[in-house]
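Step one of this worksheet: look at the structure below.
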Amino acid sequence: MPRPVSIALSVVGVFVLACGFRLVGAQRDLRAAETAFEAAKAAVSETRTDEARVELDRAADHLDRAGDAARLFPLGLVRPVPLIGSPEVAVADVADAGAELVEAGRVVNDAAAAFPTSGQVAVDGH
């Protein structure tokens, strides 16, 4: 018959392992969002607004996945625990800040699309 202590340690171990997998997945999504932001920034600076829009949408998707990973089970359970919940809070805050950055990027991209020059010296005739 298994000892109650060993069962409890096994359950805690599985929980910690699941939290680790969620954090690794969230980190991967945050890095992918960063890559998409960089691509969007380059596209906006060269007035490729359609490409920038696609990259901003890709960044938003990755940020949504990272935020969901941080807020859902099992990480959502450790959020209120001081120190232990800090990684979850950090991921959720970065995802929220990234969502604000996506919105700002969309505003800048829309403004770049409305400019009467296409990143060239001539005026397009808008």
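Identifiers in this document derive from the order of the structure tokens: chains are assigned A, B, ..., residues are numbered from 1 separately in each chain, and ligands are numbered from 1 in order of occurrence.
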
Which of stretch 25-125 of chain A DSSP labels alpha helix (DSSP H), written as an mmCIF file with N, CA and C atoms, in the first residue's frame:
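part_12.cif was written with the following content:
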```
data_model
loop_
_atom_site.group_PDB
_atom_site.id
_atom_site.type_symbol
_atom_site.label_atom_id
_atom_site.label_comp_id
_atom_site.auth_asym_id
_atom_site.auth_seq_id
_atom_site.Cartn_x
_atom_site.Cartn_y
_atom_site.Cartn_z
ATOM 1 N N GLY A 25 6.056 26.900 -22.712
ATOM 2 C CA GLY A 25 5.217 27.216 -23.865
ATOM 3 C C GLY A 25 4.918 28.703 -23.953
ATOM 4 N N ALA A 26 4.654 29.332 -22.806
ATOM 5 C CA ALA A 26 4.393 30.765 -22.788
ATOM 6 C C ALA A 26 5.634 31.547 -23.209
ATOM 7 N N GLN A 27 6.792 31.112 -22.751
ATOM 8 C CA GLN A 27 8.042 31.770 -23.135
ATOM 9 C C GLN A 27 8.269 31.655 -24.642
ATOM 10 N N ARG A 28 7.985 30.507 -25.200
ATOM 11 C CA ARG A 28 8.140 30.312 -26.647
ATOM 12 C C ARG A 28 7.198 31.242 -27.413
ATOM 13 N N ASP A 29 5.965 31.380 -26.935
ATOM 14 C CA ASP A 29 5.012 32.275 -27.595
ATOM 15 C C ASP A 29 5.436 33.737 -27.461
ATOM 16 N N LEU A 30 5.991 34.117 -26.314
ATOM 17 C CA LEU A 30 6.453 35.503 -26.150
ATOM 18 C C LEU A 30 7.626 35.810 -27.075
ATOM 19 N N ARG A 31 8.518 34.856 -27.259
ATOM 20 C CA ARG A 31 9.635 35.067 -28.191
ATOM 21 C C ARG A 31 9.141 35.146 -29.634
ATOM 22 N N ALA A 32 8.164 34.339 -29.974
ATOM 23 C CA ALA A 32 7.596 34.399 -31.325
ATOM 24 C C ALA A 32 6.892 35.739 -31.548
ATOM 25 N N ALA A 33 6.226 36.249 -30.514
ATOM 26 C CA ALA A 33 5.581 37.559 -30.623
ATOM 27 C C ALA A 33 6.624 38.651 -30.811
ATOM 28 N N GLU A 34 7.739 38.534 -30.117
ATOM 29 C CA GLU A 34 8.818 39.513 -30.278
ATOM 30 C C GLU A 34 9.354 39.501 -31.709
ATOM 31 N N THR A 35 9.529 38.326 -32.273
ATOM 32 C CA THR A 35 9.993 38.209 -33.652
ATOM 33 C C THR A 35 8.987 38.836 -34.618
ATOM 34 N N ALA A 36 7.708 38.604 -34.377
ATOM 35 C CA ALA A 36 6.671 39.196 -35.226
ATOM 36 C C ALA A 36 6.655 40.716 -35.090
ATOM 37 N N PHE A 37 6.875 41.239 -33.874
ATOM 38 C CA PHE A 37 6.947 42.688 -33.684
ATOM 39 C C PHE A 37 8.099 43.286 -34.485
ATOM 40 N N GLU A 38 9.252 42.632 -34.442
ATOM 41 C CA GLU A 38 10.410 43.136 -35.182
ATOM 42 C C GLU A 38 10.135 43.144 -36.685
ATOM 43 N N ALA A 39 9.498 42.095 -37.171
ATOM 44 C CA ALA A 39 9.159 42.036 -38.597
ATOM 45 C C ALA A 39 8.139 43.118 -38.953
ATOM 46 N N ALA A 40 7.175 43.363 -38.075
ATOM 47 C CA ALA A 40 6.176 44.403 -38.322
ATOM 48 C C ALA A 40 6.834 45.781 -38.324
ATOM 49 N N LYS A 41 7.757 45.996 -37.409
ATOM 50 C CA LYS A 41 8.460 47.277 -37.350
ATOM 51 C C LYS A 41 9.231 47.535 -38.632
ATOM 52 N N ALA A 42 9.922 46.506 -39.115
ATOM 53 C CA ALA A 42 10.665 46.651 -40.374
ATOM 54 C C ALA A 42 9.721 46.901 -41.535
ATOM 55 N N ALA A 43 8.588 46.227 -41.553
ATOM 56 C CA ALA A 43 7.630 46.401 -42.649
ATOM 57 C C ALA A 43 7.020 47.795 -42.632
ATOM 58 N N VAL A 44 6.687 48.317 -41.455
ATOM 59 C CA VAL A 44 6.115 49.657 -41.374
ATOM 60 C C VAL A 44 7.126 50.696 -41.827
ATOM 61 N N SER A 45 8.379 50.532 -41.428
ATOM 62 C CA SER A 45 9.394 51.513 -41.809
ATOM 63 C C SER A 45 9.643 51.532 -43.310
ATOM 64 N N THR A 49 2.625 47.997 -45.544
ATOM 65 C CA THR A 49 1.613 47.971 -44.495
ATOM 66 C C THR A 49 0.811 46.676 -44.447
ATOM 67 N N ASP A 50 0.626 46.031 -45.579
ATOM 68 C CA ASP A 50 -0.098 44.750 -45.566
ATOM 69 C C ASP A 50 0.708 43.688 -44.820
ATOM 70 N N GLU A 51 1.995 43.647 -45.083
ATOM 71 C CA GLU A 51 2.861 42.688 -44.392
ATOM 72 C C GLU A 51 2.920 43.008 -42.892
ATOM 73 N N ALA A 52 2.971 44.292 -42.553
ATOM 74 C CA ALA A 52 2.995 44.693 -41.145
ATOM 75 C C ALA A 52 1.716 44.255 -40.442
ATOM 76 N N ARG A 53 0.583 44.380 -41.118
ATOM 77 C CA ARG A 53 -0.699 43.969 -40.534
ATOM 78 C C ARG A 53 -0.693 42.472 -40.225
ATOM 79 N N VAL A 54 -0.168 41.675 -41.157
ATOM 80 C CA VAL A 54 -0.089 40.224 -40.942
ATOM 81 C C VAL A 54 0.811 39.908 -39.748
ATOM 82 N N GLU A 55 1.949 40.584 -39.661
ATOM 83 C CA GLU A 55 2.877 40.338 -38.555
ATOM 84 C C GLU A 55 2.276 40.777 -37.215
ATOM 85 N N LEU A 56 1.551 41.876 -37.210
ATOM 86 C CA LEU A 56 0.902 42.312 -35.972
ATOM 87 C C LEU A 56 -0.182 41.327 -35.540
ATOM 88 N N ASP A 57 -0.916 40.775 -36.504
ATOM 89 C CA ASP A 57 -1.910 39.744 -36.178
ATOM 90 C C ASP A 57 -1.232 38.494 -35.616
ATOM 91 N N ARG A 58 -0.087 38.133 -36.199
ATOM 92 C CA ARG A 58 0.664 36.967 -35.705
ATOM 93 C C ARG A 58 1.144 37.223 -34.279
ATOM 94 N N ALA A 59 1.635 38.421 -34.010
ATOM 95 C CA ALA A 59 2.076 38.762 -32.654
ATOM 96 C C ALA A 59 0.914 38.700 -31.672
ATOM 97 N N ALA A 60 -0.236 39.204 -32.082
ATOM 98 C CA ALA A 60 -1.408 39.173 -31.205
ATOM 99 C C ALA A 60 -1.817 37.736 -30.879
ATOM 100 N N ASP A 61 -1.754 36.850 -31.858
ATOM 101 C CA ASP A 61 -2.090 35.438 -31.616
ATOM 102 C C ASP A 61 -1.135 34.810 -30.604
ATOM 103 N N HIS A 62 0.154 35.061 -30.770
ATOM 104 C CA HIS A 62 1.141 34.501 -29.834
ATOM 105 C C HIS A 62 0.951 35.077 -28.430
ATOM 106 N N LEU A 63 0.650 36.352 -28.341
ATOM 107 C CA LEU A 63 0.421 36.961 -27.028
ATOM 108 C C LEU A 63 -0.832 36.411 -26.366
ATOM 109 N N ASP A 64 -1.870 36.161 -27.147
ATOM 110 C CA ASP A 64 -3.087 35.553 -26.593
ATOM 111 C C ASP A 64 -2.792 34.171 -26.029
ATOM 112 N N ARG A 65 -2.020 33.382 -26.772
ATOM 113 C CA ARG A 65 -1.674 32.037 -26.297
ATOM 114 C C ARG A 65 -0.825 32.104 -25.029
ATOM 115 N N ALA A 66 0.116 33.034 -24.974
ATOM 116 C CA ALA A 66 0.953 33.167 -23.777
ATOM 117 C C ALA A 66 0.114 33.606 -22.584
ATOM 118 N N GLY A 67 -0.785 34.548 -22.798
ATOM 119 C CA GLY A 67 -1.656 34.991 -21.715
ATOM 120 C C GLY A 67 -2.580 33.894 -21.226
ATOM 121 N N ASP A 68 -3.109 33.115 -22.160
ATOM 122 C CA ASP A 68 -3.966 31.990 -21.771
ATOM 123 C C ASP A 68 -3.184 30.947 -20.982
ATOM 124 N N ALA A 69 -1.964 30.664 -21.411
ATOM 125 C CA ALA A 69 -1.138 29.682 -20.697
ATOM 126 C C ALA A 69 -0.873 30.136 -19.273
ATOM 127 N N ALA A 70 -0.722 31.441 -19.091
ATOM 128 C CA ALA A 70 -0.433 31.965 -17.755
ATOM 129 C C ALA A 70 -1.668 32.014 -16.860
ATOM 130 N N ARG A 71 -2.826 32.176 -17.455
ATOM 131 C CA ARG A 71 -4.034 32.366 -16.639
ATOM 132 C C ARG A 71 -4.813 31.080 -16.386
ATOM 133 N N LEU A 75 -1.226 27.074 -13.964
ATOM 134 C CA LEU A 75 -0.589 28.306 -13.495
ATOM 135 C C LEU A 75 -1.565 29.258 -12.834
ATOM 136 N N GLY A 76 -2.811 29.245 -13.264
ATOM 137 C CA GLY A 76 -3.805 30.122 -12.658
ATOM 138 C C GLY A 76 -4.027 29.856 -11.178
ATOM 139 N N LEU A 77 -3.728 28.651 -10.742
ATOM 140 C CA LEU A 77 -3.902 28.316 -9.322
ATOM 141 C C LEU A 77 -2.809 28.913 -8.445
ATOM 142 N N VAL A 78 -1.620 29.134 -9.001
ATOM 143 C CA VAL A 78 -0.510 29.622 -8.178
ATOM 144 C C VAL A 78 -0.381 31.137 -8.205
ATOM 145 N N SER A 86 4.844 34.473 -9.016
ATOM 146 C CA SER A 86 5.494 35.569 -9.741
ATOM 147 C C SER A 86 5.718 35.290 -11.221
ATOM 148 N N PRO A 87 6.178 34.108 -11.626
ATOM 149 C CA PRO A 87 6.347 33.867 -13.062
ATOM 150 C C PRO A 87 5.023 33.971 -13.829
ATOM 151 N N GLU A 88 3.955 33.496 -13.250
ATOM 152 C CA GLU A 88 2.654 33.570 -13.908
ATOM 153 C C GLU A 88 2.222 35.018 -14.045
ATOM 154 N N VAL A 89 2.410 35.800 -12.988
ATOM 155 C CA VAL A 89 2.035 37.216 -13.023
ATOM 156 C C VAL A 89 2.872 37.942 -14.069
ATOM 157 N N ALA A 90 4.150 37.621 -14.136
ATOM 158 C CA ALA A 90 5.034 38.267 -15.113
ATOM 159 C C ALA A 90 4.614 37.955 -16.540
ATOM 160 N N VAL A 91 4.311 36.705 -16.824
ATOM 161 C CA VAL A 91 3.897 36.320 -18.177
ATOM 162 C C VAL A 91 2.584 37.002 -18.541
ATOM 163 N N ALA A 92 1.647 37.021 -17.616
ATOM 164 C CA ALA A 92 0.353 37.661 -17.879
ATOM 165 C C ALA A 92 0.525 39.160 -18.113
ATOM 166 N N ASP A 93 1.388 39.803 -17.328
ATOM 167 C CA ASP A 93 1.619 41.240 -17.499
ATOM 168 C C ASP A 93 2.307 41.546 -18.825
ATOM 169 N N VAL A 94 3.278 40.717 -19.210
ATOM 170 C CA VAL A 94 3.951 40.917 -20.495
ATOM 171 C C VAL A 94 2.964 40.719 -21.644
ATOM 172 N N ALA A 95 2.105 39.730 -21.530
ATOM 173 C CA ALA A 95 1.099 39.494 -22.578
ATOM 174 C C ALA A 95 0.145 40.681 -22.679
ATOM 175 N N ASP A 96 -0.251 41.244 -21.544
ATOM 176 C CA ASP A 96 -1.138 42.419 -21.563
ATOM 177 C C ASP A 96 -0.437 43.632 -22.169
ATOM 178 N N ALA A 97 0.818 43.843 -21.792
ATOM 179 C CA ALA A 97 1.578 44.962 -22.354
ATOM 180 C C ALA A 97 1.794 44.766 -23.851
ATOM 181 N N GLY A 98 2.040 43.537 -24.259
ATOM 182 C CA GLY A 98 2.199 43.247 -25.678
ATOM 183 C C GLY A 98 0.929 43.512 -26.462
ATOM 184 N N ALA A 99 -0.216 43.234 -25.853
ATOM 185 C CA ALA A 99 -1.489 43.521 -26.524
ATOM 186 C C ALA A 99 -1.657 45.021 -26.743
ATOM 187 N N GLU A 100 -1.219 45.818 -25.776
ATOM 188 C CA GLU A 100 -1.246 47.274 -25.953
ATOM 189 C C GLU A 100 -0.292 47.696 -27.068
ATOM 190 N N LEU A 101 0.844 47.046 -27.147
ATOM 191 C CA LEU A 101 1.820 47.345 -28.197
ATOM 192 C C LEU A 101 1.265 46.981 -29.574
ATOM 193 N N VAL A 102 0.541 45.896 -29.658
ATOM 194 C CA VAL A 102 -0.090 45.511 -30.928
ATOM 195 C C VAL A 102 -1.080 46.589 -31.368
ATOM 196 N N GLU A 103 -1.884 47.070 -30.436
ATOM 197 C CA GLU A 103 -2.846 48.117 -30.778
ATOM 198 C C GLU A 103 -2.140 49.387 -31.234
ATOM 199 N N ALA A 104 -1.061 49.760 -30.557
ATOM 200 C CA ALA A 104 -0.296 50.937 -30.969
ATOM 201 C C ALA A 104 0.330 50.716 -32.345
ATOM 202 N N GLY A 105 0.820 49.504 -32.580
ATOM 203 C CA GLY A 105 1.389 49.188 -33.891
ATOM 204 C C GLY A 105 0.359 49.269 -34.997
ATOM 205 N N ARG A 106 -0.859 48.865 -34.697
ATOM 206 C CA ARG A 106 -1.928 48.951 -35.702
ATOM 207 C C ARG A 106 -2.255 50.414 -36.029
ATOM 208 N N VAL A 107 -2.238 51.270 -35.021
ATOM 209 C CA VAL A 107 -2.496 52.690 -35.251
ATOM 210 C C VAL A 107 -1.390 53.282 -36.128
ATOM 211 N N VAL A 108 -0.136 52.979 -35.798
ATOM 212 C CA VAL A 108 0.992 53.482 -36.590
ATOM 213 C C VAL A 108 0.936 52.923 -38.002
ATOM 214 N N ASN A 109 0.595 51.673 -38.140
ATOM 215 C CA ASN A 109 0.509 51.056 -39.463
ATOM 216 C C ASN A 109 -0.595 51.706 -40.298
ATOM 217 N N ASP A 110 -1.735 51.954 -39.694
ATOM 218 C CA ASP A 110 -2.818 52.627 -40.421
ATOM 219 C C ASP A 110 -2.407 54.037 -40.829
ATOM 220 N N ALA A 111 -1.675 54.724 -39.960
ATOM 221 C CA ALA A 111 -1.200 56.066 -40.300
ATOM 222 C C ALA A 111 -0.190 56.003 -41.439
ATOM 223 N N ALA A 112 0.691 55.024 -41.415
ATOM 224 C CA ALA A 112 1.680 54.876 -42.493
ATOM 225 C C ALA A 112 0.994 54.562 -43.816
ATOM 226 N N ALA A 113 -0.080 53.800 -43.773
ATOM 227 C CA ALA A 113 -0.799 53.468 -45.005
ATOM 228 C C ALA A 113 -1.499 54.691 -45.587
ATOM 229 N N ALA A 114 -1.847 55.669 -44.735
ATOM 230 C CA ALA A 114 -2.560 56.852 -45.201
ATOM 231 C C ALA A 114 -1.633 57.958 -45.698
#
```

**Prompt:** Which residue gives the smallest distance to A:Val14 among A:Pro116, A:Pro74, A:Arg79, A:Gly85, with only C-alpha atoms counted?
**Reply:** A:Pro74

**Prompt:** In terms of the shortest atom-to-atom distance over only C-alpha atoms, which of A:Cys19, A:Val24, A:Gly13, A:Arg3 is closest to A:Ile84?
**Reply:** A:Cys19

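Between atom CA of A:Ala8 and atom CA of A:Arg22 there is a distance of 21.2 Å.
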